[in-house]
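start07.txt follows (compact mmCIF, C-alpha atoms):
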```txt
# COMPACT_ATOMS: atom_id res chain seq x y z
CA GLN A 139 -1.67 14.95 10.69
CA THR A 140 -0.03 18.28 11.59
CA ALA A 141 -3.43 19.58 12.75
CA ILE A 142 -3.95 16.53 14.97
CA ASN A 143 -0.49 16.95 16.49
CA LEU A 144 -1.23 20.62 17.23
CA ALA A 145 -4.73 20.05 18.63
CA ASP A 146 -3.78 19.50 22.29
CA LYS A 147 -1.53 22.58 22.33
CA LEU A 148 -4.25 24.72 20.77
CA VAL A 149 -6.85 23.52 23.29
CA LYS A 150 -4.45 24.36 26.16
CA HIS A 151 -4.31 27.90 24.78
CA GLY A 152 -8.09 28.17 24.78
CA VAL A 153 -8.64 27.63 21.04
CA LYS A 154 -11.95 25.98 20.15
CA ILE A 155 -11.44 22.90 17.95
CA LEU A 156 -14.10 22.43 15.27
CA GLY A 157 -15.13 18.93 14.27
CA THR A 158 -13.99 15.78 16.11
CA SER A 159 -13.02 16.61 19.70
CA LEU A 160 -9.50 16.40 21.10
CA GLU A 161 -10.57 13.53 23.39
CA ASP A 162 -11.85 11.52 20.43
CA LEU A 163 -8.78 12.34 18.33
CA ASP A 164 -6.70 10.82 21.13
CA ARG A 165 -8.90 7.70 21.18
CA ALA A 166 -7.84 7.04 17.59
CA GLU A 167 -4.15 7.95 18.05
CA ASP A 168 -3.44 6.60 21.55
CA ARG A 169 -2.81 2.85 21.32
CA LYS A 170 -4.44 1.77 24.59
CA LEU A 171 -7.50 3.95 24.07
CA PHE A 172 -7.83 2.70 20.47
CA GLU A 173 -7.62 -0.94 21.54
CA GLN A 174 -10.35 -0.31 24.09
CA LEU A 175 -12.51 1.36 21.44
CA LEU A 176 -12.27 -1.65 19.10
CA ARG A 177 -12.95 -4.06 21.98
CA ASP A 178 -16.04 -2.07 22.93
CA LEU A 179 -17.19 -2.13 19.29
CA ASP A 180 -16.39 -5.87 18.94
CA ILE A 181 -14.10 -5.31 15.92
CA PRO A 182 -11.03 -7.54 15.32
CA GLN A 183 -7.59 -5.94 15.51
CA ALA A 184 -4.10 -7.34 15.00
CA PRO A 185 -2.55 -8.19 18.39
CA GLY A 186 -0.02 -5.65 19.59
CA LYS A 187 1.12 -3.31 22.33
CA THR A 188 3.17 -0.17 22.88
CA ALA A 189 6.79 -0.02 24.00
CA VAL A 190 9.12 2.75 25.15
CA THR A 191 12.26 0.65 25.72
CA VAL A 192 14.15 -2.01 23.81
CA GLU A 193 13.29 -4.58 26.47
CA GLU A 194 9.56 -3.81 26.30
CA ALA A 195 9.54 -4.08 22.48
CA VAL A 196 11.31 -7.46 22.57
CA ALA A 197 8.88 -8.76 25.20
CA VAL A 198 5.88 -7.66 23.10
CA ALA A 199 7.29 -9.29 19.94
CA ASP A 200 7.99 -12.52 21.81
CA GLU A 201 4.41 -12.52 23.06
CA ILE A 202 2.62 -11.79 19.76
CA GLY A 203 5.10 -13.46 17.39
CA TYR A 204 7.27 -12.31 14.48
CA PRO A 205 7.08 -10.66 12.01
CA VAL A 206 5.99 -7.45 13.69
CA LEU A 207 5.13 -4.04 12.29
CA VAL A 208 6.80 -1.29 14.31
CA ARG A 209 6.09 2.42 14.05
CA PRO A 210 6.04 5.57 16.14
CA SER A 211 2.64 6.97 17.11
CA TYR A 212 1.30 10.31 15.85
CA VAL A 213 3.18 10.24 12.52
CA LEU A 214 2.25 10.70 8.87
CA GLY A 215 3.26 8.76 5.76
CA GLY A 216 4.45 5.69 7.64
CA ARG A 217 7.57 7.57 8.72
CA ALA A 218 10.04 5.24 10.45
CA MET A 219 7.61 2.33 9.98
CA GLN A 220 9.20 -1.07 9.40
CA ILE A 221 8.41 -4.78 9.21
CA VAL A 222 10.78 -6.60 11.55
CA TYR A 223 11.44 -10.34 11.32
CA ASN A 224 13.77 -11.08 14.26
CA GLN A 225 14.93 -9.83 17.64
CA ALA A 226 18.26 -8.42 16.43
CA ASP A 227 16.56 -6.17 13.87
CA LEU A 228 13.95 -5.11 16.43
CA GLU A 229 16.64 -4.10 18.94
CA LYS A 230 18.43 -2.14 16.21
CA TYR A 231 15.19 -0.40 15.24
CA MET A 232 14.44 0.65 18.81
CA ARG A 233 17.97 1.96 19.36
CA GLU A 234 18.57 3.72 16.07
CA ALA A 235 15.42 4.31 14.02
CA VAL A 236 13.20 6.11 16.52
CA VAL A 237 13.36 8.16 19.66
CA ALA A 238 10.88 6.47 21.96
CA SER A 239 9.34 8.25 24.93
CA PRO A 240 6.27 7.75 27.14
CA GLU A 241 4.60 10.65 25.27
CA ARG A 242 5.25 9.06 21.87
CA PRO A 243 5.57 5.29 22.38
CA VAL A 244 6.39 2.83 19.61
CA LEU A 245 3.54 0.63 18.36
CA VAL A 246 4.45 -3.05 17.99
CA ASP A 247 1.82 -5.06 16.06
CA HIS A 248 1.76 -8.57 14.70
CA TYR A 249 2.15 -8.21 10.94
CA LEU A 250 -0.93 -9.60 9.22
CA ILE A 251 -0.39 -10.85 5.67
CA GLY A 252 -3.50 -10.25 3.61
CA GLN A 253 -5.52 -8.04 1.30
CA GLU A 254 -5.61 -4.37 2.26
CA LEU A 255 -8.57 -2.02 1.81
CA GLU A 256 -9.25 1.60 2.57
CA VAL A 257 -12.39 3.62 3.29
CA ASP A 258 -13.01 7.35 3.59
CA ALA A 259 -16.25 8.33 5.31
CA ILE A 260 -18.08 11.46 6.45
CA CYS A 261 -19.88 11.59 9.79
CA ASP A 262 -21.84 14.34 11.53
CA GLY A 263 -21.87 12.47 14.83
CA GLU A 264 -24.87 10.39 13.79
CA THR A 265 -25.18 9.80 10.04
CA VAL A 266 -22.22 8.02 8.39
CA LEU A 267 -21.88 8.48 4.63
CA ILE A 268 -19.46 6.05 2.91
CA PRO A 269 -18.78 7.18 -0.68
CA GLY A 270 -16.79 4.08 -1.56
CA ILE A 271 -14.34 1.29 -0.73
CA MET A 272 -10.86 1.19 -2.31
CA GLU A 273 -9.15 -2.16 -2.83
CA HIS A 274 -5.35 -2.14 -2.81
CA ILE A 275 -3.49 -4.14 -5.46
CA GLU A 276 -0.48 -4.70 -3.18
CA ARG A 277 -1.05 -6.83 -0.11
CA ALA A 278 -0.53 -5.46 3.41
CA GLY A 279 3.02 -4.29 4.05
CA VAL A 280 3.17 -1.65 1.31
CA HIS A 281 2.16 1.82 2.53
CA SER A 282 -1.31 2.82 1.35
CA GLY A 283 0.13 5.91 -0.33
CA ASP A 284 2.40 3.70 -2.46
CA SER A 285 -0.25 1.11 -3.26
CA ILE A 286 -2.34 0.97 -6.41
CA ALA A 287 -5.96 1.42 -5.31
CA VAL A 288 -9.01 0.29 -7.28
CA TYR A 289 -12.58 1.62 -7.01
CA PRO A 290 -14.96 -0.11 -6.82
CA PRO A 291 -13.42 -3.32 -5.34
CA GLN A 292 -13.02 -6.09 -7.90
CA ASN A 293 -12.42 -9.09 -5.62
CA LEU A 294 -14.67 -8.67 -2.59
CA SER A 295 -17.72 -10.75 -1.79
CA ALA A 296 -20.99 -9.05 -0.84
CA GLU A 297 -20.51 -10.40 2.69
CA LEU A 298 -17.06 -8.79 3.08
CA ILE A 299 -18.33 -5.48 1.68
CA GLN A 300 -21.19 -5.56 4.20
CA THR A 301 -18.72 -6.23 7.04
CA ILE A 302 -16.52 -3.30 6.00
CA GLU A 303 -19.56 -1.04 5.79
CA ASP A 304 -20.73 -2.16 9.24
CA TYR A 305 -17.28 -1.66 10.86
CA THR A 306 -16.93 1.78 9.26
CA ILE A 307 -20.28 2.91 10.68
CA ARG A 308 -19.46 1.51 14.12
CA VAL A 309 -16.06 3.22 14.26
CA ALA A 310 -17.23 6.59 12.93
CA GLN A 311 -20.09 6.71 15.41
CA GLY A 312 -18.03 5.19 18.24
CA LEU A 313 -15.42 7.93 17.83
CA ASN A 314 -18.12 10.62 17.76
CA THR A 315 -16.62 11.73 14.46
CA ILE A 316 -17.58 15.16 13.17
CA GLY A 317 -16.12 15.48 9.69
CA LEU A 318 -13.88 13.08 7.77
CA VAL A 319 -12.42 9.76 8.87
CA ASN A 320 -10.09 7.35 7.04
CA ILE A 321 -10.05 3.66 7.99
CA GLN A 322 -7.60 1.02 6.77
CA PHE A 323 -8.52 -2.67 6.81
CA VAL A 324 -6.78 -5.95 6.10
CA ILE A 325 -8.50 -9.23 5.27
CA SER A 326 -6.41 -12.13 6.58
CA ASN A 327 -7.68 -15.73 6.42
CA GLY A 328 -11.19 -14.45 5.72
CA VAL A 329 -11.32 -12.18 8.79
CA VAL A 330 -11.65 -8.40 8.43
CA TYR A 331 -9.28 -6.51 10.76
CA ILE A 332 -8.89 -2.78 11.27
CA ILE A 333 -5.27 -1.65 10.95
CA GLU A 334 -5.73 2.00 11.85
CA VAL A 335 -8.22 4.85 11.97
CA ASN A 336 -7.27 8.39 10.99
CA PRO A 337 -9.86 10.93 12.22
CA ARG A 338 -8.97 13.46 9.52
CA ALA A 339 -8.81 14.04 5.78
CA SER A 340 -6.57 11.64 3.86
CA ARG A 341 -4.72 11.66 0.54
CA THR A 342 -7.50 9.56 -1.01
CA ILE A 343 -10.22 12.20 -0.48
CA PRO A 344 -9.54 13.94 -3.85
CA PHE A 345 -9.51 10.59 -5.69
CA LEU A 346 -12.73 9.29 -4.11
CA SER A 347 -14.48 12.65 -4.50
CA LYS A 348 -13.57 12.82 -8.18
CA VAL A 349 -14.57 9.25 -9.11
CA THR A 350 -17.82 9.19 -7.11
CA GLY A 351 -18.92 12.76 -7.76
CA ILE A 352 -19.48 13.28 -4.02
CA PRO A 353 -17.88 16.56 -2.77
CA MET A 354 -16.52 15.01 0.41
CA ALA A 355 -14.59 17.98 1.81
CA ASN A 356 -17.58 20.28 1.29
CA LEU A 357 -20.06 17.87 2.91
CA ALA A 358 -17.71 17.32 5.84
CA MET A 359 -17.19 21.04 6.37
CA GLN A 360 -20.95 21.66 6.30
CA GLY A 361 -21.34 18.91 8.92
CA ILE A 362 -18.63 20.49 11.08
CA LEU A 363 -20.54 23.79 10.89
CA GLY A 364 -23.73 22.12 12.13
CA ILE A 365 -25.60 21.24 8.91
CA SER A 366 -26.36 17.53 9.20
CA LEU A 367 -25.79 15.06 6.38
CA LYS A 368 -29.53 14.36 6.34
CA GLU A 369 -30.18 18.05 5.79
CA GLN A 370 -27.68 17.84 2.92
CA GLY A 371 -29.64 14.97 1.39
CA HIS A 372 -27.58 11.97 2.53
CA GLN A 373 -28.15 8.94 4.74
CA THR A 374 -26.06 6.34 6.57
CA GLY A 375 -24.45 3.61 4.49
CA LEU A 376 -22.29 2.74 1.49
CA VAL A 377 -23.18 4.59 -1.70
CA ALA A 378 -23.85 2.31 -4.70
CA PRO A 379 -20.71 2.23 -6.89
CA LYS A 380 -20.52 4.10 -10.17
CA ALA A 381 -20.12 2.25 -13.47
CA GLY A 382 -16.59 1.62 -14.69
CA VAL A 383 -13.26 0.91 -12.97
CA TYR A 384 -11.03 3.64 -11.54
CA VAL A 385 -7.38 3.13 -10.60
CA LYS A 386 -5.37 5.39 -8.28
CA MET A 387 -1.75 4.97 -9.35
CA PRO A 388 1.13 6.33 -7.24
CA VAL A 389 3.78 8.46 -8.96
CA PHE A 390 7.40 8.34 -7.78
CA SER A 391 10.37 10.67 -8.25
CA PHE A 392 13.13 8.09 -7.93
CA ASN A 393 14.98 9.36 -11.00
CA LYS A 394 15.41 12.70 -9.20
CA LEU A 395 16.18 11.25 -5.75
CA LYS A 396 19.44 9.53 -6.58
CA LYS A 397 20.17 7.59 -3.39
CA VAL A 398 16.65 6.50 -2.41
CA ASP A 399 16.00 2.74 -2.56
CA THR A 400 12.96 2.14 -4.76
CA VAL A 401 11.74 -0.96 -2.90
CA LEU A 402 8.16 -0.57 -1.66
CA GLY A 403 7.45 -1.04 2.03
CA PRO A 404 5.56 0.41 4.98
CA GLU A 405 7.22 3.85 4.71
CA MET A 406 5.67 6.06 2.01
CA LYS A 407 7.87 7.10 -0.94
CA SER A 408 5.45 8.30 -3.63
CA THR A 409 5.27 12.00 -4.50
CA GLY A 410 1.95 12.12 -6.35
CA GLU A 411 -0.76 10.06 -8.01
CA ILE A 412 -2.93 9.88 -11.12
CA ILE A 413 -6.20 8.21 -12.16
CA GLY A 414 -6.85 5.65 -14.87
CA LYS A 415 -10.46 4.96 -15.87
CA ASP A 416 -12.06 2.40 -18.16
CA LYS A 417 -14.81 -0.20 -18.32
CA VAL A 418 -12.48 -3.06 -17.29
CA LEU A 419 -9.59 -3.27 -14.82
CA SER A 420 -6.84 -4.22 -17.29
CA LYS A 421 -7.49 -1.17 -19.49
CA ALA A 422 -7.78 1.15 -16.48
CA LEU A 423 -4.44 -0.21 -15.23
CA TYR A 424 -2.84 0.33 -18.65
CA LYS A 425 -3.98 3.97 -18.74
CA ALA A 426 -2.83 4.53 -15.15
CA PHE A 427 0.63 3.04 -15.72
CA ARG A 428 1.12 5.11 -18.87
CA ALA A 429 -0.05 8.31 -17.14
CA ALA A 430 2.38 7.60 -14.29
CA ASN A 431 5.19 7.40 -16.88
CA VAL A 432 5.63 3.64 -16.44
CA GLN A 433 6.40 2.26 -19.87
CA VAL A 434 4.28 -0.76 -20.80
CA PRO A 435 6.36 -2.55 -23.47
CA GLU A 436 4.68 -4.98 -25.87
CA TYR A 437 7.65 -7.36 -26.01
CA GLY A 438 11.32 -7.62 -25.06
CA THR A 439 13.40 -8.99 -22.19
CA ALA A 440 12.51 -9.23 -18.50
CA LEU A 441 15.16 -9.35 -15.77
CA LEU A 442 14.07 -11.40 -12.73
CA ALA A 443 15.86 -11.32 -9.36
CA ILE A 444 13.45 -12.85 -6.86
CA ALA A 445 13.87 -13.49 -3.11
CA ASP A 446 13.68 -17.13 -2.03
CA LYS A 447 10.34 -16.59 -0.24
CA ASP A 448 8.76 -15.35 -3.51
CA LYS A 449 10.23 -17.76 -6.08
CA GLN A 450 7.30 -20.18 -6.29
CA GLU A 451 4.77 -17.35 -6.46
CA ALA A 452 6.81 -15.69 -9.23
CA LEU A 453 6.72 -18.74 -11.54
CA PRO A 454 3.21 -18.05 -12.97
CA LEU A 455 4.28 -14.46 -13.67
CA ALA A 456 7.32 -15.73 -15.56
CA LYS A 457 5.11 -18.07 -17.63
CA ARG A 458 2.80 -15.18 -18.49
CA LEU A 459 5.75 -13.07 -19.61
CA ILE A 460 6.89 -15.86 -21.92
CA ALA A 461 3.33 -16.27 -23.26
CA ILE A 462 3.31 -12.68 -24.55
CA GLY A 463 6.70 -13.06 -26.20
CA TYR A 464 9.17 -12.05 -23.51
CA ARG A 465 12.67 -13.48 -23.11
CA LEU A 466 13.81 -14.06 -19.52
CA ILE A 467 17.18 -13.37 -17.93
CA ALA A 468 17.71 -13.95 -14.22
CA SER A 469 20.11 -13.99 -11.30
CA ASN A 470 21.60 -17.38 -10.42
CA GLY A 471 19.10 -18.49 -7.74
CA THR A 472 16.07 -17.25 -9.65
CA GLY A 473 17.38 -18.74 -12.89
CA GLN A 474 17.77 -22.18 -11.30
CA ALA A 475 14.19 -22.02 -10.00
CA LEU A 476 12.95 -21.12 -13.50
CA GLN A 477 14.95 -23.95 -15.07
CA GLU A 478 13.57 -26.44 -12.56
CA ALA A 479 10.10 -25.32 -13.67
CA GLN A 480 11.08 -26.07 -17.29
CA LEU A 481 11.05 -22.38 -18.27
CA PRO A 482 13.57 -21.00 -20.80
CA VAL A 483 15.91 -18.51 -19.12
CA THR A 484 19.42 -17.07 -19.51
CA ILE A 485 21.26 -17.07 -16.18
CA LEU A 486 23.53 -14.10 -15.54
CA PRO A 487 27.15 -14.61 -14.45
CA GLU A 488 28.12 -14.03 -10.82
CA GLY A 489 30.10 -11.16 -9.29
CA GLU A 490 31.08 -8.03 -11.15
CA ALA A 491 30.28 -9.65 -14.49
CA LYS A 492 26.62 -9.77 -13.47
CA ARG A 493 26.53 -6.04 -12.77
CA ASP A 494 28.32 -5.29 -16.03
CA ALA A 495 25.83 -7.41 -17.99
CA ILE A 496 22.83 -5.76 -16.30
CA LEU A 497 24.22 -2.27 -16.79
CA GLN A 498 25.02 -2.93 -20.44
CA GLY A 499 21.59 -4.44 -21.05
CA MET A 500 19.87 -1.38 -19.57
CA HIS A 501 22.00 1.09 -21.49
CA ASP A 502 21.57 -0.78 -24.79
CA GLY A 503 17.79 -1.04 -24.42
CA LYS A 504 17.94 -4.84 -24.16
CA ILE A 505 16.07 -4.98 -20.82
CA GLN A 506 12.48 -3.69 -20.82
CA VAL A 507 11.10 -4.64 -17.40
CA ILE A 508 12.56 -5.80 -14.06
CA ILE A 509 10.99 -7.77 -11.21
CA ASN A 510 13.09 -7.65 -8.05
CA THR A 511 11.84 -8.61 -4.58
CA MET A 512 13.86 -8.26 -1.39
CA THR A 513 14.77 -10.88 1.20
CA GLU A 514 12.85 -10.69 4.50
CA GLY A 515 14.57 -8.71 7.20
CA LYS A 516 17.12 -7.10 4.88
CA THR A 517 17.01 -3.34 4.54
CA GLU A 518 19.36 -3.36 1.59
CA GLU A 519 20.98 -6.06 -0.52
CA THR A 520 23.99 -5.02 -2.56
CA ASP A 521 22.96 -6.52 -5.91
CA GLY A 522 19.28 -5.74 -5.42
CA TYR A 523 19.94 -2.12 -4.54
CA PHE A 524 22.22 -1.80 -7.59
CA ILE A 525 19.50 -3.21 -9.88
CA ARG A 526 16.77 -0.99 -8.45
CA ARG A 527 18.83 2.20 -8.58
CA GLU A 528 20.09 1.57 -12.14
CA ALA A 529 16.53 0.84 -13.25
CA ALA A 530 15.34 4.16 -11.78
CA ASP A 531 18.21 6.07 -13.37
CA ASN A 532 17.43 4.48 -16.76
CA ASN A 533 13.65 5.02 -16.42
CA LEU A 534 12.90 1.29 -16.57
CA PRO A 535 9.92 -0.24 -14.72
CA CYS A 536 11.30 -2.10 -11.69
CA LEU A 537 8.61 -3.87 -9.69
CA THR A 538 9.50 -4.75 -6.10
CA SER A 539 6.12 -6.33 -5.29
CA LEU A 540 4.75 -9.36 -7.12
CA ASP A 541 1.29 -7.82 -6.81
CA THR A 542 2.44 -4.74 -8.74
CA ALA A 543 4.09 -7.04 -11.28
CA ASP A 544 0.80 -8.89 -11.73
CA ALA A 545 -1.01 -5.57 -12.30
CA LEU A 546 1.51 -4.47 -14.95
CA LEU A 547 1.25 -7.87 -16.60
CA GLN A 548 -2.52 -7.52 -16.82
CA ALA A 549 -2.00 -4.28 -18.73
CA MET A 550 0.68 -5.85 -20.96
CA GLU A 551 -1.47 -8.89 -21.71
CA MET A 552 -4.43 -6.71 -22.57
CA MET A 553 -2.31 -4.78 -25.10
CA HIS A 554 -0.74 -7.96 -26.49
CA PHE A 555 -3.99 -9.79 -27.13
CA GLN A 556 -5.71 -6.65 -28.39
CA LEU A 557 -2.92 -6.11 -30.94
CA GLN A 558 -3.15 -9.77 -31.93
CA ALA A 559 -6.90 -9.38 -32.51
CA VAL A 560 -6.34 -6.28 -34.65
CA GLY A 561 -3.72 -8.15 -36.67
CA THR A 562 -6.05 -11.09 -37.23
CA GLU A 563 -8.85 -8.78 -38.37
CA ALA A 564 -6.48 -7.05 -40.80
CA MET A 565 -5.46 -10.39 -42.35
CA VAL A 566 -9.10 -11.42 -42.76
```
Serialized structure, structure tokens:
Amino acid sequence: QTAINLADKLVKHGVKILGTSLEDLDRAEDRKLFEQLLRDLDIPQAPGKTAVTVEEAVAVADEIGYPVLVRPSYVLGGRAMQIVYNQADLEKYMREAVVASPERPVLVDHYLIGQELEVDAICDGETVLIPGIMEHIERAGVHSGDSIAVYPPQNLSAELIQTIEDYTIRVAQGLNTIGLVNIQFVISNGVVYIIEVNPRASRTIPFLSKVTGIPMANLAMQGILGISLKEQGHQTGLVAPKAGVYVKMPVFSFNKLKKVDTVLGPEMKSTGEIIGKDKVLSKALYKAFRAANVQVPEYGTALLAIADKDKQEALPLAKRLIAIGYRLIASNGTGQALQEAQLPVTILPEGEAKRDAILQGMHDGKIQVIINTMTEGKTEETDGYFIRREAADNNLPCLTSLDTADALLQAMEMMHFQLQAVGTEAMV
């Protein structure tokens, strides 16, 4: 991203830019030019516009509907990106979170809830090589750098894969790409949308190169220097996936960053990543979690503090925890929801006594895993922040997305039932 931000200044000083031209870089980064590109290519995009004042941002949000995803243009890592649910929070964001200017306007998009996917491709201006598609575990709203990514996709139909391949080829060629390009998609209500296009290398290039065996940076550089992909032995299209399942797991440093909220969102917080590989997803997830220093306990107690919007969706996860031998403790609202669903749960006391009980449980090793989701529109909730920070300081897995919780549960269930099978064989 630094290179892209320097490109116009370098060109003004007479420096020749190799690879994708400055004009085409701007077509991907400039909102109006990018919208026109997708219209010309007949590719769906979430409705949205740019704004440089509070009044403009409010007018855009009123037109396209809340929630909206707001972010500055020309930034990396989702910096200052936020999902906004109402006008008051949007006004606050525009006044305090960013410095908007006509040169760097704020992008205001309708927030699409759906499955997120990511593609890295290589283009020499004509041939478009797509080494693979990565399926995110967490739904749209969690930054791609903080999402668990799976190659090859486990839940996509052949039709959706074909659509993603087609859109990738159209965009790479439409942008006159010379080199690497990263494209992020979301599937919402069965429609494939493009979220953004990054005409550069991305953090997933090393992962995809390693798991596919395709030296992406080398091929791209050869293309930039004038050696076509066809001359290098490649053709346009998606490469057939390799056998096995590969998981890209983000690694965080929350135990070293003492005041950072661990909740996942559109702004990137991970500091690294590792790979888990196996024949099936659950085992690949288990290896990835362990390598990322996320403990995968076989049994124990789970603390649940779930936002109202997520309570019904969390009930099947709670049942699965009980099925593998877990005891549940919960905050008052979550506990009542679990009781209404006929699930056994211990409800924590209110006020300071709740914090004392949680802290004591963590310190005594009586809490093994925590699921805590945040209320829409809140940047920080007192009890939730306390739980998340104490979990980080005590090196306990604290999952702030139900999708991540489901992934960890898959790994836990795999271990549980595998150990049961070993025990049964031993008895026989």
Using all atoms listed in the file, what residues lie at most 9 Å away from (-4.5, 11.5, -9.8) (file coordinates), given as a list of chain:residue names?
A:Pro344, A:Phe345, A:Val385, A:Lys386, A:Met387, A:Pro388, A:Val389, A:Gly410, A:Glu411, A:Ile412, A:Ile413, A:Gly414, A:Ala426
Would you export the selected residues with C-alpha atoms as a short mmCIF file (atom, residue, chain, number, x, y, z; two decimals), in the coordinates of the input, please?
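Saved the output as part10.cif:
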```cif
data_model
loop_
_atom_site.label_atom_id
_atom_site.label_comp_id
_atom_site.auth_asym_id
_atom_site.auth_seq_id
_atom_site.Cartn_x
_atom_site.Cartn_y
_atom_site.Cartn_z
CA PRO A 344 -9.54 13.94 -3.85
CA PHE A 345 -9.51 10.59 -5.69
CA VAL A 385 -7.38 3.13 -10.60
CA LYS A 386 -5.37 5.39 -8.28
CA MET A 387 -1.75 4.97 -9.35
CA PRO A 388 1.13 6.33 -7.24
CA VAL A 389 3.78 8.46 -8.96
CA GLY A 410 1.95 12.12 -6.35
CA GLU A 411 -0.76 10.06 -8.01
CA ILE A 412 -2.93 9.88 -11.12
CA ILE A 413 -6.20 8.21 -12.16
CA GLY A 414 -6.85 5.65 -14.87
CA ALA A 426 -2.83 4.53 -15.15
#
```
For stretch 286-294 of chain A, please output as a ChimeraX atom specification all residues within 9 Å (counting only C-alpha atoms; exclusion window: fewer than 2 positions along the same chain).
/A:255-256,270-276,282-284,296-299,346,349,379-388,419,542,545
Go ahead and compute the interatomic distance for atom CA of A:Pro454 and atom CA of A:Leu486, in Å to one decimal.
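We find that atom CA of A:Pro454 and atom CA of A:Leu486 lie 20.9 Å from each other.
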Expressed in Å, the length from atom CA of A:Val206 to atom CA of A:Gly186 is 8.6 Å
To one decimal place in Å, what is the distance between atom CA of A:Val192 and atom CA of A:Ile221?
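Going from atom CA of A:Val192 over to atom CA of A:Ile221, I get 15.9 Å.
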Would you mind listing what lies within 6 Å of stretch 353-367 of chain A as a PDB file with C-alpha atoms, in the coordinates of the input, with all atoms listed in the file counted and same-chain residues fewer than 6 positions away left out?
```
ATOM      1  CA  GLY A 157     -15.130  18.930  14.270  1.00  0.00           C
ATOM      2  CA  ILE A 260     -18.080  11.460   6.450  1.00  0.00           C
ATOM      3  CA  ASP A 262     -21.840  14.340  11.530  1.00  0.00           C
ATOM      4  CA  ILE A 316     -17.580  15.160  13.170  1.00  0.00           C
ATOM      5  CA  GLY A 317     -16.120  15.480   9.690  1.00  0.00           C
ATOM      6  CA  SER A 347     -14.480  12.650  -4.500  1.00  0.00           C
TER       7      SER A 347
END
```
Pick out the closest residue to A:Ala479 from this set: A:Asp494, A:Asp399, A:Asp258, A:Glu451. Count all atoms listed in the file.
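Comparing A:Asp494, A:Asp399, A:Asp258, A:Glu451 against A:Ala479, the winner is A:Glu451.
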Which one is closest to A:Ala166: A:Ile325, A:Ile467, A:Ile333, A:Met219? Count only C-alpha atoms.
A:Ile333
Measuring atom to atom with all atoms listed in the file, identify which of A:Val434, A:Val330, A:Val257, A:Val196 is nearest to A:Asp180.
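Distance minimum relative to A:Asp180 lands on A:Val330.
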